[in-house]
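Structure data (PDB, C-alpha atoms) from final_28.pdb:
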```pdb
ATOM      1  CA  MET A   1     -28.830  43.207  14.907
ATOM      2  CA  LYS A   2     -26.411  40.951  16.746
ATOM      3  CA  LYS A   3     -29.332  39.343  18.606
ATOM      4  CA  THR A   4     -31.163  38.713  15.328
ATOM      5  CA  ILE A   5     -28.097  37.030  13.788
ATOM      6  CA  LEU A   6     -27.606  34.925  16.929
ATOM      7  CA  PHE A   7     -31.295  33.900  16.885
ATOM      8  CA  ILE A   8     -31.129  32.932  13.184
ATOM      9  CA  ALA A   9     -27.914  30.963  13.806
ATOM     10  CA  LEU A  10     -29.501  29.106  16.728
ATOM     11  CA  VAL A  11     -32.632  28.253  14.723
ATOM     12  CA  ALA A  12     -30.485  27.034  11.810
ATOM     13  CA  ALA A  13     -28.278  24.940  14.111
ATOM     14  CA  THR A  14     -31.285  23.400  15.887
ATOM     15  CA  GLY A  15     -32.938  22.649  12.567
ATOM     16  CA  SER A  16     -29.825  20.973  11.184
ATOM     17  CA  ILE A  17     -29.469  18.764  14.267
ATOM     18  CA  PHE A  18     -32.939  17.317  13.797
ATOM     19  CA  ALA A  19     -32.974  17.321  10.016
ATOM     20  CA  GLN A  20     -29.717  15.507   9.495
ATOM     21  CA  LYS A  21     -29.701  11.904   8.427
ATOM     22  CA  LYS A  22     -28.605   9.581  11.210
ATOM     23  CA  THR A  23     -26.611   6.502  10.306
ATOM     24  CA  THR A  24     -24.697   3.554  11.671
ATOM     25  CA  THR A  25     -22.472   0.951  10.062
ATOM     26  CA  SER A  26     -23.003  -1.465  12.967
ATOM     27  CA  GLY A  27     -26.690  -2.301  12.798
ATOM     28  CA  THR A  28     -27.653  -5.882  13.630
ATOM     29  CA  ILE A  29     -29.873  -8.368  11.799
ATOM     30  CA  ASN A  30     -30.633 -11.732  13.371
ATOM     31  CA  PHE A  31     -31.895 -14.472  11.085
ATOM     32  CA  ASP A  32     -33.653 -17.444  12.695
ATOM     33  CA  ALA A  33     -34.828 -20.286  10.454
ATOM     34  CA  THR A  34     -34.591 -23.011  13.095
ATOM     35  CA  THR A  35     -37.172 -25.814  13.233
ATOM     36  CA  SER A  36     -37.903 -28.698  15.596
ATOM     37  CA  LYS A  37     -35.700 -30.829  13.305
ATOM     38  CA  ASP A  38     -32.727 -28.462  13.140
ATOM     39  CA  ALA A  39     -31.478 -25.791  15.556
ATOM     40  CA  LEU A  40     -28.537 -24.702  13.388
ATOM     41  CA  PRO A  41     -29.956 -22.374  10.696
ATOM     42  CA  LYS A  42     -29.616 -19.105  12.589
ATOM     43  CA  ALA A  43     -27.107 -16.323  12.189
ATOM     44  CA  GLU A  44     -26.248 -12.761  13.024
ATOM     45  CA  ASN A  45     -24.920  -9.910  10.917
ATOM     46  CA  LYS A  46     -23.506  -7.052  13.010
ATOM     47  CA  THR A  47     -22.180  -4.831  10.228
ATOM     48  CA  VAL A  48     -25.447  -3.630   8.717
ATOM     49  CA  ILE A  49     -25.578  -0.075   7.385
ATOM     50  CA  ALA A  50     -28.714   1.716   8.590
ATOM     51  CA  ALA A  51     -29.990   5.243   8.036
ATOM     52  CA  ILE A  52     -32.984   7.233   9.179
ATOM     53  CA  ASP A  53     -34.045  10.675   8.028
ATOM     54  CA  ALA A  54     -36.285  12.186  10.681
ATOM     55  CA  LYS A  55     -37.479  14.990   8.429
ATOM     56  CA  LYS A  56     -38.363  12.896   5.382
ATOM     57  CA  GLY A  57     -39.405   9.844   7.421
ATOM     58  CA  THR A  58     -37.243   7.510   5.371
ATOM     59  CA  ILE A  59     -35.498   4.455   6.751
ATOM     60  CA  ALA A  60     -32.997   2.158   5.001
ATOM     61  CA  PHE A  61     -30.851  -0.891   5.685
ATOM     62  CA  GLU A  62     -28.082  -2.495   3.655
ATOM     63  CA  ALA A  63     -26.253  -5.758   4.495
ATOM     64  CA  ILE A  64     -23.598  -7.934   2.926
ATOM     65  CA  VAL A  65     -25.189 -11.400   2.873
ATOM     66  CA  LYS A  66     -21.900 -13.231   3.432
ATOM     67  CA  ASN A  67     -21.421 -11.440   6.742
ATOM     68  CA  PHE A  68     -24.184 -13.483   8.395
ATOM     69  CA  ALA A  69     -22.114 -15.523  10.848
ATOM     70  CA  PHE A  70     -23.374 -19.056  11.571
ATOM     71  CA  SER A  71     -21.888 -21.360  14.196
ATOM     72  CA  ASN A  72     -21.687 -24.299  11.764
ATOM     73  CA  PRO A  73     -19.498 -24.107   8.607
ATOM     74  CA  LYS A  74     -21.715 -26.431   6.523
ATOM     75  CA  ILE A  75     -24.923 -24.498   7.271
ATOM     76  CA  GLN A  76     -23.155 -21.233   6.405
ATOM     77  CA  GLU A  77     -21.990 -22.776   3.122
ATOM     78  CA  HIS A  78     -25.575 -23.901   2.339
ATOM     79  CA  PHE A  79     -26.952 -20.444   3.251
ATOM     80  CA  ASN A  80     -24.627 -18.732   0.752
ATOM     81  CA  GLY A  81     -24.959 -21.461  -1.895
ATOM     82  CA  ALA A  82     -26.849 -21.385  -5.183
ATOM     83  CA  THR A  83     -30.004 -23.067  -3.817
ATOM     84  CA  TRP A  84     -30.308 -20.594  -0.955
ATOM     85  CA  MET A  85     -29.173 -16.973  -0.999
ATOM     86  CA  ASP A  86     -26.759 -17.359  -3.919
ATOM     87  CA  SER A  87     -24.627 -14.637  -2.350
ATOM     88  CA  GLU A  88     -22.011 -14.717  -5.129
ATOM     89  CA  LYS A  89     -24.704 -13.477  -7.510
ATOM     90  CA  PHE A  90     -26.719 -11.401  -5.002
ATOM     91  CA  PRO A  91     -24.152 -10.072  -2.500
ATOM     92  CA  THR A  92     -26.392  -7.593  -0.663
ATOM     93  CA  ALA A  93     -29.818  -7.465   0.968
ATOM     94  CA  THR A  94     -31.503  -4.078   1.238
ATOM     95  CA  PHE A  95     -34.560  -2.387   2.671
ATOM     96  CA  LYS A  96     -35.785   1.059   1.663
ATOM     97  CA  GLY A  97     -38.930   2.352   3.295
ATOM     98  CA  ASN A  98     -40.898   5.083   4.995
ATOM     99  CA  ILE A  99     -42.313   5.626   8.462
ATOM    100  CA  THR A 100     -46.021   5.824   7.660
ATOM    101  CA  ASN A 101     -47.035   7.322  11.035
ATOM    102  CA  LEU A 102     -44.290   9.960  11.114
ATOM    103  CA  ALA A 103     -46.558  12.472  12.870
ATOM    104  CA  ALA A 104     -46.732  10.156  15.904
ATOM    105  CA  ILE A 105     -42.961  10.303  16.435
ATOM    106  CA  ASP A 106     -41.359  13.360  18.000
ATOM    107  CA  PHE A 107     -37.667  13.216  17.123
ATOM    108  CA  LYS A 108     -37.074  16.288  19.306
ATOM    109  CA  LYS A 109     -38.398  14.638  22.461
ATOM    110  CA  ASP A 110     -36.779  11.686  24.266
ATOM    111  CA  GLY A 111     -38.966   8.597  24.436
ATOM    112  CA  THR A 112     -39.920   5.329  22.772
ATOM    113  CA  TYR A 113     -42.467   5.455  19.982
ATOM    114  CA  ASP A 114     -44.365   2.795  18.012
ATOM    115  CA  ALA A 115     -43.420   3.110  14.368
ATOM    116  CA  GLU A 116     -45.242   1.756  11.336
ATOM    117  CA  VAL A 117     -42.892   1.117   8.452
ATOM    118  CA  ALA A 118     -43.621   0.176   4.846
ATOM    119  CA  GLY A 119     -41.099  -0.312   2.093
ATOM    120  CA  ASP A 120     -39.308  -2.585  -0.329
ATOM    121  CA  LEU A 121     -37.193  -5.494   0.848
ATOM    122  CA  THR A 122     -34.711  -6.929  -1.646
ATOM    123  CA  ILE A 123     -33.315 -10.395  -0.953
ATOM    124  CA  HIS A 124     -31.853 -12.860  -3.451
ATOM    125  CA  GLY A 125     -32.370 -10.254  -6.193
ATOM    126  CA  VAL A 126     -36.163 -10.188  -5.606
ATOM    127  CA  THR A 127     -37.879  -7.026  -4.348
ATOM    128  CA  LYS A 128     -41.161  -7.305  -2.432
ATOM    129  CA  PRO A 129     -43.193  -4.753  -0.468
ATOM    130  CA  VAL A 130     -43.246  -5.336   3.289
ATOM    131  CA  LYS A 131     -45.027  -3.700   6.213
ATOM    132  CA  THR A 132     -44.021  -4.018   9.840
ATOM    133  CA  THR A 133     -44.272  -2.270  13.162
ATOM    134  CA  GLY A 134     -41.276  -1.465  15.298
ATOM    135  CA  LYS A 135     -39.949   0.804  17.998
ATOM    136  CA  ILE A 136     -38.066   4.058  17.628
ATOM    137  CA  THR A 137     -36.278   5.355  20.702
ATOM    138  CA  VAL A 138     -35.059   8.946  20.815
ATOM    139  CA  ALA A 139     -32.359   9.747  23.390
ATOM    140  CA  GLY A 140     -30.783  13.144  22.821
ATOM    141  CA  LYS A 141     -29.179  13.121  19.385
ATOM    142  CA  ALA A 142     -29.276   9.308  19.158
ATOM    143  CA  VAL A 143     -32.083   7.361  17.510
ATOM    144  CA  SER A 144     -32.494   3.595  17.985
ATOM    145  CA  THR A 145     -34.772   1.396  15.926
ATOM    146  CA  SER A 146     -35.883  -2.200  16.340
ATOM    147  CA  ALA A 147     -38.349  -4.453  14.551
ATOM    148  CA  ASP A 148     -39.289  -8.146  14.326
ATOM    149  CA  PHE A 149     -40.966  -9.659  11.304
ATOM    150  CA  SER A 150     -41.113 -12.833   9.220
ATOM    151  CA  ILE A 151     -40.642 -13.348   5.515
ATOM    152  CA  LYS A 152     -41.768 -16.168   3.230
ATOM    153  CA  LEU A 153     -38.607 -17.510   1.617
ATOM    154  CA  GLU A 154     -40.515 -18.720  -1.454
ATOM    155  CA  ASP A 155     -41.617 -15.110  -2.113
ATOM    156  CA  TYR A 156     -37.938 -14.339  -2.691
ATOM    157  CA  GLY A 157     -37.271 -17.373  -4.881
ATOM    158  CA  VAL A 158     -35.475 -19.289  -2.088
ATOM    159  CA  ASN A 159     -36.604 -22.931  -2.314
ATOM    160  CA  GLY A 160     -33.735 -25.115  -1.128
ATOM    161  CA  PRO A 161     -34.407 -28.836  -0.466
ATOM    162  CA  ALA A 162     -33.781 -28.325   3.279
ATOM    163  CA  ILE A 163     -36.923 -26.147   3.424
ATOM    164  CA  GLY A 164     -39.043 -28.935   1.912
ATOM    165  CA  ALA A 165     -37.496 -31.413   4.362
ATOM    166  CA  GLY A 166     -38.510 -29.204   7.309
ATOM    167  CA  LYS A 167     -34.911 -28.529   8.385
ATOM    168  CA  VAL A 168     -35.125 -24.822   7.542
ATOM    169  CA  ALA A 169     -38.174 -22.717   8.442
ATOM    170  CA  SER A 170     -40.087 -21.570   5.361
ATOM    171  CA  GLU A 171     -40.855 -18.290   7.175
ATOM    172  CA  PRO A 172     -37.747 -17.346   9.172
ATOM    173  CA  LYS A 173     -37.923 -14.681  11.843
ATOM    174  CA  ILE A 174     -35.900 -11.535  11.184
ATOM    175  CA  THR A 175     -34.915  -9.151  13.988
ATOM    176  CA  VAL A 176     -33.437  -5.788  13.048
ATOM    177  CA  SER A 177     -31.886  -3.240  15.399
ATOM    178  CA  ALA A 178     -29.728  -0.167  14.901
ATOM    179  CA  ASP A 179     -28.402   2.618  17.107
ATOM    180  CA  MET A 180     -27.864   5.690  14.967
ATOM    181  CA  GLN A 181     -26.012   8.897  15.783
TER     182      GLN A 181
ATOM    183  CA  MET B 182     -24.630 -78.972   0.103
ATOM    184  CA  GLU B 183     -23.958 -78.033   3.746
ATOM    185  CA  ALA B 184     -20.566 -76.569   2.791
ATOM    186  CA  VAL B 185     -22.173 -74.328   0.107
ATOM    187  CA  LYS B 186     -24.848 -73.158   2.582
ATOM    188  CA  SER B 187     -22.193 -72.388   5.202
ATOM    189  CA  LYS B 188     -20.116 -70.439   2.647
ATOM    190  CA  ARG B 189     -23.191 -68.398   1.605
ATOM    191  CA  THR B 190     -23.946 -67.563   5.263
ATOM    192  CA  SER B 191     -20.356 -66.480   5.774
ATOM    193  CA  VAL B 192     -20.437 -64.184   2.706
ATOM    194  CA  LEU B 193     -23.791 -62.743   3.831
ATOM    195  CA  LYS B 194     -22.340 -62.035   7.295
ATOM    196  CA  LYS B 195     -19.357 -60.248   5.742
ATOM    197  CA  VAL B 196     -21.626 -58.143   3.473
ATOM    198  CA  LEU B 197     -23.843 -57.199   6.422
ATOM    199  CA  ALA B 198     -20.771 -56.316   8.488
ATOM    200  CA  VAL B 199     -19.471 -54.058   5.681
ATOM    201  CA  ILE B 200     -22.895 -52.389   5.309
ATOM    202  CA  PHE B 201     -23.072 -51.846   9.084
ATOM    203  CA  LEU B 202     -19.559 -50.374   9.111
ATOM    204  CA  LEU B 203     -20.419 -48.042   6.202
ATOM    205  CA  LEU B 204     -23.601 -46.912   7.972
ATOM    206  CA  VAL B 205     -21.681 -46.199  11.186
ATOM    207  CA  LEU B 206     -18.933 -44.309   9.320
ATOM    208  CA  GLY B 207     -21.458 -42.404   7.157
ATOM    209  CA  GLY B 208     -23.583 -41.521  10.179
ATOM    210  CA  GLY B 209     -20.486 -40.425  12.072
ATOM    211  CA  ALA B 210     -19.355 -38.237   9.169
ATOM    212  CA  ILE B 211     -22.794 -36.571   8.879
ATOM    213  CA  TRP B 212     -22.947 -36.066  12.661
ATOM    214  CA  TYR B 213     -19.466 -34.482  12.581
ATOM    215  CA  ILE B 214     -20.289 -32.163   9.638
ATOM    216  CA  PHE B 215     -23.490 -30.838  11.222
ATOM    217  CA  ASN B 216     -22.063 -30.503  14.727
ATOM    218  CA  GLU B 217     -18.784 -28.909  13.712
ATOM    219  CA  LYS B 218     -18.205 -25.358  14.945
ATOM    220  CA  PHE B 219     -16.019 -22.705  13.367
ATOM    221  CA  SER B 220     -12.606 -22.919  14.969
ATOM    222  CA  ASP B 221     -11.010 -20.027  16.826
ATOM    223  CA  THR B 222      -9.761 -17.582  14.167
ATOM    224  CA  THR B 223      -6.462 -17.121  16.006
ATOM    225  CA  GLU B 224      -5.727 -20.815  15.375
ATOM    226  CA  THR B 225      -6.539 -20.593  11.656
ATOM    227  CA  LYS B 226      -3.793 -19.957   9.106
ATOM    228  CA  ALA B 227      -4.162 -16.656   7.252
ATOM    229  CA  ASP B 228      -4.542 -16.732   3.460
ATOM    230  CA  PHE B 229      -3.501 -13.077   3.058
ATOM    231  CA  THR B 230      -1.851 -10.319   5.085
ATOM    232  CA  VAL B 231      -2.670  -6.805   3.866
ATOM    233  CA  ASN B 232      -2.479  -3.138   4.778
ATOM    234  CA  ALA B 233      -5.961  -1.642   5.436
ATOM    235  CA  LEU B 234      -5.687   1.205   2.928
ATOM    236  CA  ASP B 235      -4.295  -1.116   0.234
ATOM    237  CA  LEU B 236      -7.254  -3.470   0.733
ATOM    238  CA  ILE B 237      -9.743  -0.587   0.516
ATOM    239  CA  HIS B 238      -8.119   0.687  -2.683
ATOM    240  CA  GLU B 239      -8.151  -2.819  -4.178
ATOM    241  CA  PHE B 240     -11.916  -3.095  -3.556
ATOM    242  CA  GLU B 241     -12.533   0.460  -4.818
ATOM    243  CA  LYS B 242     -10.703  -0.396  -8.027
ATOM    244  CA  ASN B 243     -12.676  -3.586  -8.736
ATOM    245  CA  ASP B 244     -14.897  -5.095  -6.052
ATOM    246  CA  SER B 245     -16.044  -8.137  -8.057
ATOM    247  CA  LEU B 246     -12.433  -9.240  -8.629
ATOM    248  CA  SER B 247     -11.581  -8.492  -5.003
ATOM    249  CA  ASN B 248     -14.619 -10.440  -3.785
ATOM    250  CA  LYS B 249     -13.445 -13.477  -5.742
ATOM    251  CA  LYS B 250      -9.977 -13.129  -4.217
ATOM    252  CA  TYR B 251     -10.847 -12.461  -0.563
ATOM    253  CA  SER B 252     -14.389 -13.742   0.156
ATOM    254  CA  GLU B 253     -14.495 -16.389   2.884
ATOM    255  CA  LYS B 254     -10.696 -16.226   3.206
ATOM    256  CA  ILE B 255      -8.869 -15.619   6.471
ATOM    257  CA  VAL B 256      -7.143 -12.251   6.151
ATOM    258  CA  VAL B 257      -4.843 -10.333   8.494
ATOM    259  CA  VAL B 258      -5.396  -6.580   8.154
ATOM    260  CA  ASN B 259      -2.895  -4.085   9.558
ATOM    261  CA  GLY B 260      -3.950  -0.490  10.028
ATOM    262  CA  MET B 261      -5.081   2.386  12.193
ATOM    263  CA  VAL B 262      -8.443   2.250  13.963
ATOM    264  CA  SER B 263     -10.618   5.103  12.694
ATOM    265  CA  GLU B 264     -13.634   4.317  14.888
ATOM    266  CA  VAL B 265     -14.872   1.960  17.589
ATOM    267  CA  GLU B 266     -18.593   1.668  16.972
ATOM    268  CA  ALA B 267     -21.210   0.228  19.342
ATOM    269  CA  ALA B 268     -22.793  -2.906  17.886
ATOM    270  CA  ASP B 269     -25.586  -4.447  19.927
ATOM    271  CA  THR B 270     -23.917  -5.291  23.288
ATOM    272  CA  THR B 271     -20.392  -5.168  21.885
ATOM    273  CA  VAL B 272     -18.297  -3.039  19.510
ATOM    274  CA  ASN B 273     -17.092  -3.228  15.916
ATOM    275  CA  ILE B 274     -13.704  -1.889  14.837
ATOM    276  CA  LYS B 275     -13.384   0.259  11.713
ATOM    277  CA  MET B 276     -10.458   1.255   9.515
ATOM    278  CA  ALA B 277     -11.336   3.963   7.000
ATOM    279  CA  ASP B 278      -9.826   5.879   4.139
ATOM    280  CA  THR B 279     -10.466   9.438   5.290
ATOM    281  CA  THR B 280     -10.229  10.726   1.721
ATOM    282  CA  SER B 281     -12.970   8.591   0.160
ATOM    283  CA  GLY B 282     -14.879   7.536   3.284
ATOM    284  CA  SER B 283     -14.587   3.862   2.260
ATOM    285  CA  TYR B 284     -13.995   1.558   5.185
ATOM    286  CA  ILE B 285     -13.353  -1.937   6.516
ATOM    287  CA  ILE B 286     -15.429  -3.106   9.471
ATOM    288  CA  PHE B 287     -14.568  -6.005  11.778
ATOM    289  CA  ALA B 288     -17.138  -7.916  13.848
ATOM    290  CA  PHE B 289     -15.346  -9.975  16.491
ATOM    291  CA  GLN B 290     -15.707 -13.675  17.273
ATOM    292  CA  GLN B 291     -17.686 -14.491  20.445
ATOM    293  CA  GLN B 292     -14.612 -15.521  22.466
ATOM    294  CA  HIS B 293     -12.746 -12.347  21.419
ATOM    295  CA  LEU B 294     -15.456  -9.748  22.132
ATOM    296  CA  ALA B 295     -13.707  -8.559  25.314
ATOM    297  CA  GLU B 296     -10.464  -7.755  23.469
ATOM    298  CA  ALA B 297     -12.408  -5.677  20.898
ATOM    299  CA  LYS B 298     -13.520  -3.407  23.748
ATOM    300  CA  THR B 299      -9.877  -2.712  24.668
ATOM    301  CA  ILE B 300      -9.163  -1.180  21.250
ATOM    302  CA  LYS B 301      -9.284   2.598  20.919
ATOM    303  CA  GLN B 302      -9.584   5.043  18.066
ATOM    304  CA  GLY B 303      -6.105   5.829  16.700
ATOM    305  CA  ASP B 304      -4.576   2.492  17.756
ATOM    306  CA  GLN B 305      -2.354   0.694  15.255
ATOM    307  CA  VAL B 306      -3.674  -2.875  15.261
ATOM    308  CA  SER B 307      -3.460  -6.153  13.407
ATOM    309  CA  ILE B 308      -6.806  -7.934  13.068
ATOM    310  CA  LYS B 309      -7.371 -11.438  11.729
ATOM    311  CA  GLY B 310     -10.808 -12.431  10.452
ATOM    312  CA  SER B 311     -12.970 -14.025   7.800
ATOM    313  CA  CYS B 312     -13.498 -11.577   4.941
ATOM    314  CA  SER B 313     -17.131 -11.483   3.773
ATOM    315  CA  GLY B 314     -16.343  -9.284   0.792
ATOM    316  CA  GLY B 315     -17.253  -5.736  -0.076
ATOM    317  CA  ALA B 316     -19.840  -3.709  -1.955
ATOM    318  CA  TYR B 317     -20.687  -0.138  -2.838
ATOM    319  CA  SER B 318     -23.140   1.287  -0.308
ATOM    320  CA  GLU B 319     -26.016   3.197  -1.884
ATOM    321  CA  ILE B 320     -26.816   4.660   1.539
ATOM    322  CA  LEU B 321     -23.328   5.997   2.345
ATOM    323  CA  GLU B 322     -22.054   6.219  -1.243
ATOM    324  CA  THR B 323     -18.784   4.562  -0.274
ATOM    325  CA  GLU B 324     -17.187   1.143  -0.597
ATOM    326  CA  PHE B 325     -17.492  -1.020   2.519
ATOM    327  CA  ILE B 326     -15.724  -4.281   3.280
ATOM    328  CA  THR B 327     -17.012  -6.522   6.055
ATOM    329  CA  PHE B 328     -15.303  -9.113   8.245
ATOM    330  CA  LYS B 329     -16.764 -11.662  10.658
ATOM    331  CA  ARG B 330     -15.288 -13.890  13.415
ATOM    332  CA  CYS B 331     -12.369 -11.500  14.020
ATOM    333  CA  ALA B 332      -9.667 -11.495  16.672
ATOM    334  CA  LEU B 333      -6.604  -9.416  17.465
ATOM    335  CA  ASN B 334      -3.644 -10.936  15.631
ATOM    336  CA  LYS B 335      -1.006 -11.416  18.297
TER     337      LYS B 335
END
```
Represent the supplied structure as structure tokens.
Amino acid sequence: MKKTILFIALVAATGSIFAQKKTTTSGTINFDATTSKDALPKAENKTVIAAIDAKKGTIAFEAIVKNFAFSNPKIQEHFNGATWMDSEKFPTATFKGNITNLAAIDFKKDGTYDAEVAGDLTIHGVTKPVKTTGKITVAGKAVSTSADFSIKLEDYGVNGPAIGAGKVASEPKITVSADMQ
Amino acid sequence: MEAVKSKRTSVLKKVLAVIFLLLVLGGGAIWYIFNEKFSDTTETKADFTVNALDLIHEFEKNDSLSNKKYSEKIVVVNGMVSEVEAADTTVNIKMADTTSGSYIIFAFQQQHLAEAKTIKQGDQVSIKGSCSGGAYSEILETEFITFKRCALNK
């Protein structure tokens, strides 16, 4: 009887370890909209909330737009201004998606896996479906994710004059990474 | 006739000199604006000095009003470190309300990254940084307030 209870407890504990949602509040998003005319429009946000649910295969990110740190005050002001991200009106950027090849990732076995992710990206109050590939690294109880992709700013209603003038890339590169426990 | 012509040339020279001066000054101003870097936060005067839990409660009560008050302002926050969290190659410092789970998170300025690594959970610290405002997290179901370009307030 005691052995049965111990076995059930162990199975339950093991299950809960792998089923639990893993999160971080220190994910990183790098934004690079530099062009040959201007090397300044790039920034980093290191306080991104990220979550992954290994059982459901869901993945989510949430960032405060104003926490993208630029080196130049004027570029940062433009980025948050009404013709760009309008961060007073749209303070957060979010992604909610699913790992579409969940069966290819073994969250119980250490290693790095190719992940295919599809979901909804909301920037500037506009939500669009996106698909990207990334890496998921399992190391014990920790799960790390990383992905690179580009977005078309006009798809999200961002059409500042600097984009037309070629000073800001119309399709900036976004790099996302998060180490979740 | 010669005197009039000479006077016109003199006026034209003065106008051209003024235009040239304006172009140089304008160009210099534009160059300065787009080459300016954020100054070291430790050398910037704070707009507010607050206790961490008071700031969290203020945002929990009304985050749109609090965002108007604190966003892009230099704020000194005094409180106890609840967590030192790995962030890329460095660490972020967190101060949390253990009752609600709401928290403040500080990302340090490049030249102050080393001092962030000296901070430990449970330390009473004073951190100065640029407040980026707060929001309710749908993922964590708590209020979170973010800071950038932070430094220890000595």
Please report as a VMD selection string which residues of chain A come no farther than 6 Å from chain B, using only C-alpha atoms. chain A and resid 26 66 to 67 71 to 72
Go ahead and save the residues from that selection, with C-alpha atoms, as a short mmCIF file (atom, residue, chain, number, x, y, z; two decimals), in the coordinates of the input.
```cif
data_model
loop_
_atom_site.label_atom_id
_atom_site.label_comp_id
_atom_site.auth_asym_id
_atom_site.auth_seq_id
_atom_site.Cartn_x
_atom_site.Cartn_y
_atom_site.Cartn_z
CA SER A 26 -23.00 -1.46 12.97
CA LYS A 66 -21.90 -13.23 3.43
CA ASN A 67 -21.42 -11.44 6.74
CA SER A 71 -21.89 -21.36 14.20
CA ASN A 72 -21.69 -24.30 11.76
#
```
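Here atom CA of Ile237 of chain B and atom CA of Glu88 of chain A stand 19.5 Å from one another.
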Write out as a list in words which residues come within 9 Å of Thr127 of chain A when counting all atoms listed in the file, dropping same-chain ones fewer than 5 positions away. Thr94, Asp120, Leu121, Thr122 and Tyr156 of chain A
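Evaluated on this file, the PyMOL selection byres ((chain A and resi 109) around 12) matches Phe18, Ala104, Ile105, Asp106, Phe107, Lys108, Asp110, Gly111, Thr112, Tyr113, Ile136, Thr137, Val138, Ala139, Gly140, Lys141, Ala142 and Val143 of chain A.
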For the selection you just gave me, I'd like the residues written to a file as an mmCIF file, in the frame of the given file, keeping C-alpha atoms.
```cif
data_model
loop_
_atom_site.group_PDB
_atom_site.id
_atom_site.type_symbol
_atom_site.label_atom_id
_atom_site.label_comp_id
_atom_site.auth_asym_id
_atom_site.auth_seq_id
_atom_site.Cartn_x
_atom_site.Cartn_y
_atom_site.Cartn_z
ATOM 1 C CA PHE A 18 -32.939 17.317 13.797
ATOM 2 C CA ALA A 104 -46.732 10.156 15.904
ATOM 3 C CA ILE A 105 -42.961 10.303 16.435
ATOM 4 C CA ASP A 106 -41.359 13.360 18.000
ATOM 5 C CA PHE A 107 -37.667 13.216 17.123
ATOM 6 C CA LYS A 108 -37.074 16.288 19.306
ATOM 7 C CA ASP A 110 -36.779 11.686 24.266
ATOM 8 C CA GLY A 111 -38.966 8.597 24.436
ATOM 9 C CA THR A 112 -39.920 5.329 22.772
ATOM 10 C CA TYR A 113 -42.467 5.455 19.982
ATOM 11 C CA ILE A 136 -38.066 4.058 17.628
ATOM 12 C CA THR A 137 -36.278 5.355 20.702
ATOM 13 C CA VAL A 138 -35.059 8.946 20.815
ATOM 14 C CA ALA A 139 -32.359 9.747 23.390
ATOM 15 C CA GLY A 140 -30.783 13.144 22.821
ATOM 16 C CA LYS A 141 -29.179 13.121 19.385
ATOM 17 C CA ALA A 142 -29.276 9.308 19.158
ATOM 18 C CA VAL A 143 -32.083 7.361 17.510
#
```
Do you know which residues the PyMOL selection byres ((chain A and resi 40-42) around 7) returns on this file, as a ChimeraX atom specification? /A:31-34,38-39,43,70,75,168
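From atom CA of Glu324 of chain B back to atom CA of Glu77 of chain A, the distance works out to 24.7 Å.
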Atom pair atom CA of Ser177 of chain A / atom CA of Ser146 of chain A: separation (Å): 4.2 Å
Selection dump of the PyMOL selection byres ((chain A and resi 86) around 12), as a compact mmCIF listing (two decimals) with C-alpha atoms, keeping the file's coordinate frame:
```
# COMPACT_ATOMS: atom_id res chain seq x y z
CA VAL A 65 -25.19 -11.40 2.87
CA LYS A 66 -21.90 -13.23 3.43
CA GLN A 76 -23.16 -21.23 6.40
CA GLU A 77 -21.99 -22.78 3.12
CA HIS A 78 -25.58 -23.90 2.34
CA PHE A 79 -26.95 -20.44 3.25
CA ASN A 80 -24.63 -18.73 0.75
CA GLY A 81 -24.96 -21.46 -1.90
CA ALA A 82 -26.85 -21.38 -5.18
CA THR A 83 -30.00 -23.07 -3.82
CA TRP A 84 -30.31 -20.59 -0.96
CA MET A 85 -29.17 -16.97 -1.00
CA SER A 87 -24.63 -14.64 -2.35
CA GLU A 88 -22.01 -14.72 -5.13
CA LYS A 89 -24.70 -13.48 -7.51
CA PHE A 90 -26.72 -11.40 -5.00
CA PRO A 91 -24.15 -10.07 -2.50
CA THR A 92 -26.39 -7.59 -0.66
CA ALA A 93 -29.82 -7.46 0.97
CA ILE A 123 -33.32 -10.40 -0.95
CA HIS A 124 -31.85 -12.86 -3.45
CA GLY A 125 -32.37 -10.25 -6.19
CA VAL A 126 -36.16 -10.19 -5.61
CA TYR A 156 -37.94 -14.34 -2.69
CA GLY A 157 -37.27 -17.37 -4.88
CA VAL A 158 -35.48 -19.29 -2.09
CA ASN A 159 -36.60 -22.93 -2.31
CA GLY A 160 -33.74 -25.12 -1.13
```
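Distances to Asn232 of chain B were evaluated for B:Arg189, B:Lys309, B:His293, B:Lys301 using all atoms listed in the file, and the minimum falls at B:Lys309.
When all atoms listed in the file are used to compute distances to Asp278 of chain B, the closest of the residues B:Leu294, B:Leu236, B:Val257, B:Val306 turns out to be B:Leu236.
Near Gly260 of chain B, within 8 Å and counting only C-alpha atoms, sit B:Asn232, B:Ala233, B:Leu234, B:Val258, B:Val262, B:Met276, B:Gln305, B:Val306, B:Ser307; same-chain residues fewer than 2 positions away were not included.
Around Val176 of chain A, within 7 Å and counting only C-alpha atoms, the residues found are Thr28, Ile29, Asn30, Ser146, Ala147 and Asp148 of chain A, once anything fewer than 3 positions away on its own chain is removed.
If you measure from each of A:Ala50, A:Glu171, A:Thr100, A:Thr35 to Glu62 of chain A using all atoms listed in the file, the closest one turns out to be A:Ala50.
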Leaving out Ala60 of chain A and any residue of its chain fewer than 4 positions from it, which residues lie within 6 Å of it when counting only C-alpha atoms, given as a PyMOL selection string? chain A and resi 50-51+95-96
Those selected residues, please, written with C-alpha atoms and delivered as a CSV table (one decimal), keeping the file's coordinate frame.
```csv
chain,number,residue,atom,x,y,z
A,50,ALA,CA,-28.7,1.7,8.6
A,51,ALA,CA,-30.0,5.2,8.0
A,95,PHE,CA,-34.6,-2.4,2.7
A,96,LYS,CA,-35.8,1.1,1.7
```
